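Coordinates from run.cif are shown below (mmCIF, C-alpha atoms).
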```cif
data_target
loop_
_atom_site.label_atom_id
_atom_site.label_comp_id
_atom_site.auth_asym_id
_atom_site.auth_seq_id
_atom_site.Cartn_x
_atom_site.Cartn_y
_atom_site.Cartn_z
CA MET A 1 32.64 -15.67 11.76
CA SER A 2 30.27 -13.60 13.84
CA ALA A 3 26.52 -13.81 13.92
CA ALA A 4 26.30 -10.30 12.58
CA SER A 5 28.34 -11.11 9.51
CA THR A 6 25.98 -13.94 8.61
CA ASN A 7 22.60 -12.44 9.46
CA CYS A 8 23.20 -8.86 8.19
CA ARG A 9 23.33 -9.67 4.48
CA PRO A 10 23.90 -6.65 2.19
CA TRP A 11 20.90 -5.76 0.00
CA TYR A 12 22.98 -6.33 -3.13
CA ARG A 13 23.75 -9.93 -2.08
CA PRO A 14 20.33 -11.58 -1.70
CA SER A 15 20.04 -15.19 -0.55
CA LEU A 16 19.95 -18.00 -3.11
CA THR A 17 16.20 -18.43 -2.57
CA THR A 18 15.62 -14.74 -3.32
CA GLN A 19 17.87 -14.95 -6.39
CA ILE A 20 15.87 -17.93 -7.69
CA MET A 21 12.59 -16.05 -7.20
CA ILE A 22 14.04 -13.02 -9.02
CA GLY A 23 15.16 -15.34 -11.82
CA LEU A 24 11.63 -16.75 -12.08
CA VAL A 25 10.04 -13.30 -12.33
CA VAL A 26 12.58 -11.98 -14.84
CA GLY A 27 12.27 -15.16 -16.92
CA ALA A 28 8.46 -14.88 -16.95
CA LEU A 29 8.68 -11.23 -18.06
CA ILE A 30 11.12 -12.11 -20.84
CA GLY A 31 8.90 -14.94 -22.05
CA TRP A 32 5.86 -12.66 -21.99
CA LEU A 33 7.37 -9.52 -23.56
CA ARG A 34 9.81 -11.25 -25.92
CA PRO A 35 8.43 -14.75 -26.63
CA GLU A 36 11.00 -15.34 -29.38
CA TRP A 37 13.76 -15.13 -26.76
CA GLY A 38 12.31 -18.15 -24.93
CA ASN A 39 13.92 -20.69 -27.27
CA LYS A 40 17.11 -18.63 -27.58
CA VAL A 41 17.88 -18.69 -23.85
CA TYR A 42 16.68 -22.25 -23.17
CA PHE A 43 20.23 -23.58 -23.60
CA LEU A 44 21.08 -21.93 -20.27
CA ARG A 45 18.52 -24.17 -18.56
CA ASP A 46 20.08 -27.21 -20.28
CA ILE A 47 23.55 -26.21 -19.07
CA PHE A 48 22.28 -25.95 -15.50
CA ILE A 49 20.49 -29.32 -15.64
CA ASN A 50 23.57 -31.00 -17.16
CA LEU A 51 25.77 -29.63 -14.38
CA ILE A 52 23.32 -30.94 -11.79
CA LYS A 53 23.19 -34.37 -13.44
CA SER A 54 26.98 -34.55 -13.27
CA ILE A 55 26.77 -34.25 -9.48
CA ILE A 56 24.17 -36.95 -8.78
CA ALA A 57 26.13 -40.19 -9.39
CA PRO A 58 29.30 -39.34 -7.38
CA LEU A 59 27.28 -37.67 -4.62
CA VAL A 60 24.82 -40.55 -4.14
CA PHE A 61 27.59 -43.16 -4.39
CA SER A 62 29.94 -41.47 -1.90
CA THR A 63 27.17 -40.58 0.57
CA ILE A 64 25.79 -44.12 0.72
CA VAL A 65 29.25 -45.71 1.07
CA VAL A 66 30.22 -43.35 3.91
CA GLY A 67 26.87 -43.71 5.63
CA ILE A 68 26.77 -47.51 5.56
CA ALA A 69 30.42 -48.61 5.59
CA GLY A 70 31.64 -45.74 7.74
CA ALA A 71 29.12 -46.46 10.48
CA GLY A 72 29.16 -50.24 10.09
CA ALA A 73 25.41 -50.05 9.59
CA LEU A 74 24.94 -53.46 7.97
CA LYS A 75 21.76 -54.42 9.81
CA LYS A 76 20.20 -51.01 9.35
CA VAL A 77 19.97 -51.14 5.56
CA GLY A 78 17.01 -53.50 5.35
CA ARG A 79 15.27 -51.83 8.27
CA ILE A 80 15.63 -48.38 6.74
CA GLY A 81 14.37 -49.69 3.41
CA ILE A 82 11.23 -51.23 4.92
CA LYS A 83 10.41 -48.11 6.94
CA ALA A 84 10.93 -45.90 3.90
CA LEU A 85 8.63 -48.05 1.76
CA ILE A 86 5.92 -47.96 4.45
CA PHE A 87 6.05 -44.17 4.50
CA PHE A 88 6.11 -44.01 0.69
CA GLU A 89 2.99 -46.16 0.40
CA ILE A 90 1.03 -44.20 3.02
CA ALA A 91 1.97 -40.84 1.47
CA THR A 92 1.19 -41.84 -2.13
CA THR A 93 -2.15 -43.40 -1.13
CA ALA A 94 -3.14 -40.20 0.69
CA ALA A 95 -2.12 -38.16 -2.37
CA LEU A 96 -4.30 -40.25 -4.69
CA PHE A 97 -7.42 -39.91 -2.58
CA ILE A 98 -6.97 -36.18 -1.95
CA GLY A 99 -6.67 -35.73 -5.71
CA LEU A 100 -9.81 -37.82 -6.19
CA ALA A 101 -11.75 -35.75 -3.64
CA VAL A 102 -10.74 -32.38 -5.13
CA VAL A 103 -11.38 -33.33 -8.77
CA ASN A 104 -14.87 -34.58 -7.90
CA PHE A 105 -15.58 -31.37 -6.00
CA THR A 106 -14.31 -28.87 -8.62
CA LYS A 107 -15.24 -30.95 -11.73
CA PRO A 108 -12.70 -29.29 -14.08
CA GLY A 109 -13.57 -31.70 -16.92
CA ALA A 110 -17.25 -30.79 -16.99
CA GLY A 111 -17.98 -28.88 -20.20
CA VAL A 112 -14.69 -29.88 -21.89
CA THR A 113 -15.21 -31.58 -25.26
CA LEU A 114 -12.62 -34.12 -26.39
CA ALA A 115 -11.86 -33.38 -30.04
CA ALA A 116 -9.48 -35.45 -32.16
CA GLU A 117 -7.18 -32.54 -32.99
CA ASN A 118 -3.54 -32.72 -31.79
CA ILE A 119 -3.87 -36.46 -31.32
CA ASN A 120 -0.45 -37.02 -32.92
CA ILE A 121 1.32 -35.68 -29.83
CA VAL A 122 0.53 -38.85 -27.91
CA LYS A 123 2.16 -41.20 -30.42
CA THR A 124 5.63 -40.86 -28.92
CA ILE A 125 4.18 -41.17 -25.43
CA GLY A 126 2.33 -44.32 -26.39
CA GLN A 127 5.57 -45.90 -27.59
CA SER A 128 6.83 -45.97 -24.00
CA GLN A 129 5.29 -48.50 -21.67
CA PRO A 130 5.30 -48.54 -17.87
CA LYS A 131 7.38 -51.30 -16.38
CA THR A 132 5.76 -54.23 -14.62
CA PHE A 133 6.80 -55.04 -11.05
CA VAL A 134 9.17 -57.75 -12.30
CA ASP A 135 10.65 -55.40 -14.92
CA THR A 136 11.22 -52.75 -12.27
CA LEU A 137 12.84 -55.28 -9.92
CA VAL A 138 15.23 -56.51 -12.63
CA HIS A 139 15.99 -52.95 -13.68
CA VAL A 140 17.15 -52.02 -10.17
CA PHE A 141 20.30 -54.15 -10.48
CA PRO A 142 22.78 -52.79 -13.05
CA SER A 143 24.81 -54.91 -15.42
CA SER A 144 27.40 -52.13 -15.40
CA ALA A 145 27.87 -49.62 -12.61
CA ILE A 146 29.71 -47.26 -14.97
CA GLU A 147 26.85 -47.36 -17.47
CA ALA A 148 24.30 -46.73 -14.70
CA MET A 149 26.27 -43.68 -13.53
CA ALA A 150 26.69 -42.42 -17.10
CA ARG A 151 22.92 -42.63 -17.64
CA GLY A 152 22.19 -41.14 -14.22
CA ASP A 153 19.93 -44.08 -13.33
CA VAL A 154 19.38 -43.29 -9.66
CA LEU A 155 17.85 -46.64 -8.65
CA GLN A 156 20.73 -48.61 -10.14
CA ILE A 157 23.28 -46.28 -8.54
CA VAL A 158 21.62 -46.81 -5.14
CA ALA A 159 21.58 -50.61 -5.54
CA PHE A 160 25.25 -50.76 -6.56
CA SER A 161 26.28 -48.30 -3.83
CA VAL A 162 24.55 -50.30 -1.09
CA LEU A 163 26.18 -53.58 -2.18
CA PHE A 164 29.56 -51.87 -2.56
CA ALA A 165 29.24 -50.32 0.92
CA LEU A 166 28.38 -53.70 2.42
CA ALA A 167 31.48 -55.19 0.80
CA VAL A 168 33.69 -52.34 2.05
CA SER A 169 32.35 -52.81 5.58
CA ALA A 170 32.85 -56.58 5.40
CA VAL A 171 36.60 -56.34 4.65
CA GLY A 172 37.14 -54.35 7.84
CA GLU A 173 40.27 -52.26 8.27
CA LYS A 174 41.39 -52.74 4.65
CA GLY A 175 38.26 -50.91 3.52
CA GLN A 176 38.88 -47.80 5.62
CA PRO A 177 40.95 -46.01 2.93
CA ILE A 178 37.92 -46.32 0.64
CA VAL A 179 35.65 -44.88 3.35
CA ARG A 180 38.00 -41.93 3.86
CA ALA A 181 38.21 -41.36 0.10
CA MET A 182 34.42 -41.46 -0.24
CA ASP A 183 34.08 -39.02 2.67
CA SER A 184 36.41 -36.63 0.85
CA LEU A 185 34.49 -37.14 -2.40
CA ALA A 186 31.17 -36.37 -0.69
CA GLN A 187 32.54 -33.13 0.76
CA ILE A 188 33.97 -32.16 -2.64
CA MET A 189 30.66 -32.83 -4.39
CA PHE A 190 28.75 -30.74 -1.83
CA LYS A 191 31.22 -27.90 -2.47
CA PHE A 192 30.75 -28.46 -6.20
CA THR A 193 26.99 -28.22 -5.64
CA ASN A 194 27.46 -24.79 -4.04
CA TYR A 195 29.33 -23.61 -7.14
CA VAL A 196 26.63 -24.90 -9.49
CA MET A 197 23.91 -23.24 -7.39
CA MET A 198 25.42 -19.86 -8.24
CA PHE A 199 24.18 -20.49 -11.78
CA ALA A 200 20.71 -21.56 -10.61
CA PRO A 201 18.95 -18.17 -10.96
CA ILE A 202 20.03 -17.95 -14.61
CA GLY A 203 19.04 -21.56 -15.30
CA VAL A 204 15.58 -21.24 -13.75
CA GLY A 205 15.02 -17.87 -15.42
CA ALA A 206 15.76 -19.42 -18.81
CA ALA A 207 13.39 -22.31 -18.07
CA MET A 208 10.57 -19.93 -17.14
CA ALA A 209 11.19 -17.73 -20.18
CA HIS A 210 10.91 -20.80 -22.43
CA THR A 211 7.71 -21.99 -20.75
CA ILE A 212 5.92 -18.63 -20.99
CA GLY A 213 7.42 -17.84 -24.40
CA THR A 214 6.28 -21.09 -26.02
CA GLN A 215 2.99 -21.61 -24.17
CA GLY A 216 2.03 -17.95 -23.89
CA PRO A 217 0.34 -16.36 -20.87
CA GLY A 218 -2.99 -17.34 -22.40
CA VAL A 219 -2.27 -20.96 -21.49
CA LEU A 220 -3.11 -20.01 -17.91
CA LEU A 221 -6.69 -19.39 -19.03
CA ASN A 222 -6.89 -22.47 -21.25
CA LEU A 223 -7.91 -25.34 -19.00
CA GLY A 224 -7.34 -22.97 -16.09
CA LYS A 225 -9.84 -24.84 -13.94
CA LEU A 226 -7.76 -28.03 -14.19
CA ILE A 227 -4.57 -26.16 -13.32
CA GLY A 228 -6.25 -24.39 -10.41
CA SER A 229 -7.77 -27.63 -9.13
CA LEU A 230 -4.38 -29.36 -9.18
CA TYR A 231 -2.67 -26.58 -7.24
CA LEU A 232 -5.56 -26.49 -4.76
CA ALA A 233 -5.17 -30.25 -4.21
CA LEU A 234 -1.38 -29.93 -3.85
CA ILE A 235 -1.78 -27.19 -1.24
CA ILE A 236 -4.34 -29.25 0.69
CA PHE A 237 -2.06 -32.29 0.53
CA VAL A 238 1.00 -30.39 1.78
CA VAL A 239 -0.87 -28.57 4.55
CA VAL A 240 -2.96 -31.51 5.77
CA VAL A 241 -0.91 -34.67 5.13
CA PHE A 242 2.59 -33.24 5.48
CA GLY A 243 1.37 -31.03 8.33
CA ILE A 244 0.04 -34.04 10.25
CA VAL A 245 3.29 -35.94 9.66
CA ILE A 246 5.37 -32.97 10.83
CA PHE A 247 3.21 -32.68 13.97
CA ILE A 248 3.33 -36.42 14.78
CA VAL A 249 7.07 -36.78 14.14
CA ARG A 250 7.81 -33.49 15.98
CA ILE A 251 9.77 -31.82 13.21
CA PRO A 252 10.69 -28.13 13.73
CA LEU A 253 8.34 -26.59 11.16
CA ARG A 254 10.04 -23.26 10.57
CA GLN A 255 13.47 -24.78 10.15
CA PHE A 256 12.11 -27.54 7.88
CA PHE A 257 10.52 -24.90 5.66
CA ARG A 258 13.85 -23.10 5.42
CA ALA A 259 15.58 -26.37 4.55
CA VAL A 260 13.24 -27.36 1.71
CA ARG A 261 12.47 -23.98 0.15
CA GLU A 262 15.55 -23.85 -2.12
CA PRO A 263 15.25 -27.43 -3.44
CA ALA A 264 11.50 -26.95 -3.93
CA ALA A 265 12.04 -23.67 -5.79
CA LEU A 266 14.58 -25.32 -8.08
CA ALA A 267 12.23 -28.22 -8.79
CA PHE A 268 9.32 -25.83 -9.45
CA ALA A 269 11.26 -23.66 -11.88
CA THR A 270 12.98 -26.43 -13.83
CA THR A 271 10.21 -29.11 -13.61
CA SER A 272 13.03 -31.53 -12.79
CA SER A 273 13.50 -33.46 -9.55
CA GLU A 274 17.09 -34.10 -10.62
CA SER A 275 17.92 -30.39 -10.43
CA ALA A 276 16.92 -30.35 -6.75
CA LEU A 277 18.37 -33.68 -5.62
CA PRO A 278 21.95 -32.60 -4.70
CA LYS A 279 20.76 -29.47 -2.90
CA ALA A 280 18.03 -31.42 -1.11
CA MET A 281 20.52 -34.07 0.06
CA GLN A 282 22.85 -31.37 1.34
CA ALA A 283 20.00 -29.56 3.11
CA MET A 284 18.78 -32.71 4.85
CA GLU A 285 22.25 -33.59 6.13
CA ARG A 286 22.56 -30.04 7.44
CA PHE A 287 19.10 -30.48 8.98
CA GLY A 288 20.34 -33.35 11.14
CA VAL A 289 19.54 -36.47 9.10
CA PRO A 290 22.41 -39.02 9.03
CA PRO A 291 24.16 -39.44 5.65
CA ALA A 292 23.23 -43.14 5.48
CA ILE A 293 19.52 -42.31 5.62
CA VAL A 294 19.76 -39.32 3.27
CA GLY A 295 21.81 -41.28 0.74
CA PHE A 296 19.45 -44.26 0.72
CA VAL A 297 15.96 -42.81 1.28
CA MET A 298 16.06 -39.73 -0.91
CA PRO A 299 17.29 -41.31 -4.18
CA THR A 300 14.90 -44.23 -3.63
CA GLY A 301 12.02 -41.84 -3.03
CA TYR A 302 13.01 -40.10 -6.26
CA SER A 303 11.53 -43.15 -7.99
CA PHE A 304 8.90 -44.46 -5.53
CA ASN A 305 7.70 -41.48 -3.49
CA LEU A 306 6.43 -39.15 -6.20
CA THR A 307 3.46 -37.89 -4.20
CA GLY A 308 2.86 -34.83 -6.36
CA SER A 309 2.91 -36.89 -9.56
CA ILE A 310 0.57 -39.51 -8.07
CA LEU A 311 -1.91 -36.83 -7.00
CA TYR A 312 -1.75 -35.38 -10.51
CA LEU A 313 -2.43 -38.80 -12.06
CA GLY A 314 -5.55 -39.25 -9.97
CA MET A 315 -6.89 -35.83 -10.91
CA ALA A 316 -5.98 -35.99 -14.61
CA SER A 317 -7.58 -39.41 -15.09
CA VAL A 318 -10.90 -38.31 -13.56
CA PHE A 319 -10.69 -35.03 -15.51
CA VAL A 320 -10.60 -37.01 -18.76
CA ALA A 321 -13.50 -39.18 -17.54
CA GLN A 322 -15.53 -36.01 -16.83
CA ALA A 323 -14.70 -34.67 -20.29
CA ALA A 324 -15.74 -38.02 -21.79
CA GLU A 325 -19.13 -37.60 -20.14
CA THR A 326 -19.49 -34.15 -21.72
CA THR A 327 -18.39 -35.51 -25.11
CA MET A 328 -20.55 -38.60 -25.40
CA GLY A 329 -22.59 -38.95 -22.23
CA TRP A 330 -20.50 -41.78 -20.79
CA HIS A 331 -20.43 -41.65 -16.99
CA MET A 332 -17.79 -43.09 -14.66
CA SER A 333 -19.26 -44.15 -11.33
CA PHE A 334 -17.50 -43.48 -8.03
CA GLY A 335 -16.83 -47.23 -7.71
CA GLN A 336 -15.07 -47.21 -11.07
CA GLN A 337 -13.04 -44.21 -9.94
CA ILE A 338 -11.90 -46.12 -6.85
CA THR A 339 -10.92 -49.09 -9.04
CA MET A 340 -8.96 -46.73 -11.29
CA MET A 341 -7.19 -45.25 -8.25
CA LEU A 342 -6.16 -48.72 -7.08
CA THR A 343 -4.86 -49.44 -10.58
CA LEU A 344 -2.83 -46.22 -10.51
CA MET A 345 -1.37 -47.20 -7.13
CA LEU A 346 0.04 -50.34 -8.74
CA THR A 347 1.05 -49.09 -12.19
CA SER A 348 2.69 -45.92 -10.87
CA LYS A 349 5.37 -48.03 -9.18
CA GLY A 350 6.85 -48.73 -12.60
CA VAL A 351 7.42 -45.13 -13.69
CA ALA A 352 11.15 -45.08 -12.92
CA GLY A 353 13.20 -44.38 -16.01
CA VAL A 354 10.20 -43.98 -18.37
CA PRO A 355 10.20 -40.78 -20.50
CA ARG A 356 7.24 -38.54 -19.60
CA ALA A 357 6.40 -41.14 -16.97
CA ALA A 358 3.22 -39.52 -15.64
CA LEU A 359 1.69 -39.22 -19.11
CA VAL A 360 2.67 -42.81 -19.96
CA ILE A 361 0.86 -44.09 -16.85
CA LEU A 362 -2.10 -41.80 -17.52
CA LEU A 363 -2.47 -43.04 -21.09
CA GLY A 364 -2.21 -46.71 -20.12
CA THR A 365 -4.77 -46.33 -17.33
CA LEU A 366 -7.27 -44.35 -19.41
CA ASN A 367 -7.13 -46.92 -22.20
CA SER A 368 -8.45 -49.46 -19.70
CA PHE A 369 -11.24 -47.35 -18.19
CA VAL A 370 -12.70 -44.88 -20.70
CA PRO A 371 -14.40 -45.60 -24.04
CA ALA A 372 -12.07 -46.56 -26.87
CA GLY A 373 -10.32 -43.64 -28.53
CA LEU A 374 -11.04 -41.06 -25.83
CA GLY A 375 -7.99 -41.92 -23.69
CA PRO A 376 -5.37 -40.64 -26.17
CA ILE A 377 -7.50 -37.57 -26.97
CA GLY A 378 -7.80 -36.81 -23.25
CA VAL A 379 -4.03 -37.11 -22.80
CA ALA A 380 -3.57 -34.74 -25.76
CA VAL A 381 -5.75 -32.15 -24.00
CA VAL A 382 -3.84 -32.51 -20.71
CA PHE A 383 -0.51 -32.43 -22.56
CA GLY A 384 -1.14 -28.81 -23.57
CA VAL A 385 -0.83 -27.58 -19.98
CA ASP A 386 1.27 -30.42 -18.59
CA GLU A 387 4.41 -28.33 -18.11
CA LEU A 388 2.60 -25.77 -15.96
CA MET A 389 1.18 -28.54 -13.77
CA ASP A 390 4.55 -30.31 -13.73
CA MET A 391 6.03 -27.37 -11.82
CA GLY A 392 3.82 -27.82 -8.77
CA ARG A 393 3.84 -31.60 -8.67
CA THR A 394 7.65 -31.75 -8.99
CA ALA A 395 8.09 -29.32 -6.10
CA VAL A 396 5.78 -31.46 -3.94
CA ASN A 397 7.74 -34.58 -4.94
CA VAL A 398 10.92 -32.99 -3.60
CA ILE A 399 9.30 -31.78 -0.36
CA GLY A 400 7.85 -35.27 0.20
CA ASN A 401 11.24 -36.93 -0.25
CA CYS A 402 12.89 -34.48 2.15
CA LEU A 403 10.18 -35.21 4.70
CA ALA A 404 10.63 -38.96 4.22
CA THR A 405 14.30 -38.76 5.23
CA VAL A 406 13.41 -36.94 8.46
CA VAL A 407 10.59 -39.38 9.27
CA VAL A 408 12.87 -42.41 8.81
CA ALA A 409 15.66 -40.73 10.81
CA ARG A 410 13.26 -40.01 13.67
CA TRP A 411 11.89 -43.56 13.41
CA GLU A 412 15.45 -44.86 13.70
CA LYS A 413 16.05 -42.49 16.66
CA GLU A 414 18.95 -40.90 14.79
CA PHE A 415 17.53 -37.48 14.00
CA ASP A 416 19.76 -34.70 15.38
CA GLU A 417 17.20 -32.16 16.55
CA ASN A 418 19.87 -29.78 17.79
CA ARG A 419 21.21 -29.49 14.22
CA ALA A 420 17.68 -28.94 12.93
CA LEU A 421 16.99 -26.10 15.37
CA ILE A 422 20.07 -24.11 14.26
CA PHE A 423 19.55 -24.69 10.52
CA GLY A 424 20.44 -21.63 8.44
CA THR A 425 21.81 -19.61 11.37
CA ALA A 426 25.24 -18.21 12.19
CA GLN A 427 25.53 -20.87 14.88
CA GLU A 428 25.19 -23.60 12.25
CA ALA A 429 27.97 -22.07 10.16
CA GLU A 430 30.24 -21.97 13.21
CA VAL A 431 29.45 -25.61 14.07
CA ASN A 432 30.17 -26.67 10.48
CA LEU A 433 33.50 -24.82 10.41
CA LYS A 434 34.57 -26.39 13.70
CA SER A 435 33.71 -29.87 12.40
CA GLY A 436 35.51 -29.26 9.10
CA ASP A 437 32.34 -29.20 6.94
CA VAL A 438 33.44 -26.22 4.85
CA ALA A 439 30.92 -26.96 2.09
CA PHE A 440 28.04 -26.90 4.58
CA ALA A 441 29.32 -23.65 6.10
CA ASP A 442 29.44 -22.11 2.62
CA ALA A 443 25.89 -23.34 1.98
CA VAL A 444 24.71 -21.41 5.06
CA ARG A 445 26.31 -18.20 3.77
CA GLN A 446 24.97 -18.80 0.28
CA GLY A 447 21.42 -19.61 1.28
CA ASP A 448 20.27 -17.63 4.29
#
```

For the file at hand, write its structure as structure tokens.
Amino acid sequence: MSAASTNCRPWYRPSLTTQIMIGLVVGALIGWLRPEWGNKVYFLRDIFINLIKSIIAPLVFSTIVVGIAGAGALKKVGRIGIKALIFFEIATTAALFIGLAVVNFTKPGAGVTLAAENINIVKTIGQSQPKTFVDTLVHVFPSSAIEAMARGDVLQIVAFSVLFALAVSAVGEKGQPIVRAMDSLAQIMFKFTNYVMMFAPIGVGAAMAHTIGTQGPGVLLNLGKLIGSLYLALIIFVVVVFGIVIFIVRIPLRQFFRAVREPAALAFATTSSESALPKAMQAMERFGVPPAIVGFVMPTGYSFNLTGSILYLGMASVFVAQAAETTMGWHMSFGQQITMMLTLMLTSKGVAGVPRAALVILLGTLNSFVPAGLGPIGVAVVFGVDELMDMGRTAVNVIGNCLATVVVARWEKEFDENRALIFGTAQEAEVNLKSGDVAFADAVRQGD
């Protein structure tokens, strides 16, 4: 395959990223011009998400087993885990305080009155409770690996996969057939991911049509200051915090942007980190991160490194406090805001597996810090535009998890910078074909 054949893409065969953007625009126009079609086409989004969910369990399982057992990396597991958690904690703390700074500067809650209408929408949210640290720790270890895979419980899949990989490595030569089988399964699932991605533009278009069709374009004006403040904070966080990390760790910026743009676009359009996980894992392996680190860090970060969601929690909680001041004159001091941020840092660690996790944490925190009755009303107000804000915070979650894998790989001195520098080029496709990574070579042709 020549360089010309890869780089000179016909106009009628746009890259996957371009197709996703076209799907977003077409979906938004459909939702705006024909709102009734939003619900009719939403099943296409569900089909796409279901296909993605079917990939996650076998892909995570096979990648971790190959990465740990194939390389005999028994001692590395704990070390990688500790380094990943350190990065997660630094990133989420920075996200909280950037959110706090922006919301106090823009004051989106000033002038918003908390009325008791629509309060019923928080009843189902209130029925879910965030897990305590002990509950989360117990939940990590599955009673049935098959059940965990059927539910798509990423944390439990990771825990079982790591223990299984350690056992495979411990039996030595007798475990090598399993390693070879898992290597084949991983390659098959990456190829399967490429097939599913062909459906992505339709899936994301249907998701956008449903969002605009049900919410209406007017929702952009309703509470627009809160939405704008959140996206401003997300941009500042990505540019400043992620930018500093990229500079310190010496990550090729242009190539990293190319690697994360498709997973981030998928996450943005579908408001689902799950939809982006297989593509993000594939992109990071192509970017030069070892499979063992990708397979362990990224699924773990999917539960513990939700930087976009944490930033949103900080902003939404102070927004409700500002609205409470408008409603009844109650004022939250800066010291109380700091205490609330520290509480969010702790309670947000238990969001894994909780439906509408961010809103559950928000409701529980507000009940402890704002006058009685105003917490649920504040959540009801935020709920109205939650899906629009969910787009941005989910995309940042995915970018943060991709960055975490590169940081840990560099920290472990295992990052392949040569692979990173040729990401998305004809040279990468040629290298992949020579090494037998047909799925990765196809991903190059499909994406760039």

Exercise. Determine the residue set returned by the PyMOL selection byres ((chain A and resi 161) around 12) for the present structure, and present it as number ranges by chain.
Key: A: 57-69, 77, 140-142, 145-146, 148-149, 154-160, 162-168, 182, 292, 295-296, 299

Quiz item: What gap, in Å, lies between atom CA of Arg151 of chain A and atom CA of Phe48 of chain A?
Solution: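 Distance reported for this atom pair: 16.8 Å.
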
Self-check item: Selection result for the PyMOL selection byres ((chain A and resi 90) around 12) on this file, as number ranges by chain
Solution: A: 83-89, 91-97, 241-242, 245, 304-307, 345, 400, 404

For the selection just defined, write its residues with C-alpha atoms to a file, as a PDB file, in the frame of the given file.
```
ATOM      1  CA  LYS A  83      10.410 -48.110   6.940  1.00  0.00           C
ATOM      2  CA  ALA A  84      10.930 -45.900   3.900  1.00  0.00           C
ATOM      3  CA  LEU A  85       8.630 -48.050   1.760  1.00  0.00           C
ATOM      4  CA  ILE A  86       5.920 -47.960   4.450  1.00  0.00           C
ATOM      5  CA  PHE A  87       6.050 -44.170   4.500  1.00  0.00           C
ATOM      6  CA  PHE A  88       6.110 -44.010   0.690  1.00  0.00           C
ATOM      7  CA  GLU A  89       2.990 -46.160   0.400  1.00  0.00           C
ATOM      8  CA  ALA A  91       1.970 -40.840   1.470  1.00  0.00           C
ATOM      9  CA  THR A  92       1.190 -41.840  -2.130  1.00  0.00           C
ATOM     10  CA  THR A  93      -2.150 -43.400  -1.130  1.00  0.00           C
ATOM     11  CA  ALA A  94      -3.140 -40.200   0.690  1.00  0.00           C
ATOM     12  CA  ALA A  95      -2.120 -38.160  -2.370  1.00  0.00           C
ATOM     13  CA  LEU A  96      -4.300 -40.250  -4.690  1.00  0.00           C
ATOM     14  CA  PHE A  97      -7.420 -39.910  -2.580  1.00  0.00           C
ATOM     15  CA  VAL A 241      -0.910 -34.670   5.130  1.00  0.00           C
ATOM     16  CA  PHE A 242       2.590 -33.240   5.480  1.00  0.00           C
ATOM     17  CA  VAL A 245       3.290 -35.940   9.660  1.00  0.00           C
ATOM     18  CA  PHE A 304       8.900 -44.460  -5.530  1.00  0.00           C
ATOM     19  CA  ASN A 305       7.700 -41.480  -3.490  1.00  0.00           C
ATOM     20  CA  LEU A 306       6.430 -39.150  -6.200  1.00  0.00           C
ATOM     21  CA  THR A 307       3.460 -37.890  -4.200  1.00  0.00           C
ATOM     22  CA  MET A 345      -1.370 -47.200  -7.130  1.00  0.00           C
ATOM     23  CA  GLY A 400       7.850 -35.270   0.200  1.00  0.00           C
ATOM     24  CA  ALA A 404      10.630 -38.960   4.220  1.00  0.00           C
TER      25      ALA A 404
END
```

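Our summary of the geometry notes that atom CA of Ile202 of chain A is positioned 23.6 Å from atom CA of Val385 of chain A.
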
Exercise. Run the PyMOL selection byres ((chain A and resi 387) around 12) on the file and write out the hits as an MDAnalysis selection string.
Key: chainID A and resid 207:208 210:212 214:215 219:220 227 268:272 356 358:359 382:386 388:394

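The smallest atom-to-atom distance between Leu277 of chain A and any of A:Val360, A:Val408, A:Ile52, A:Met332, using only C-alpha atoms, is found for A:Ile52.
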
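Residue nearest Ile30 of chain A within the list A:Ile248, A:Val138, A:Ile338, A:Ala209: A:Ala209 [criterion: smallest interatomic distance, all atoms listed in the file].
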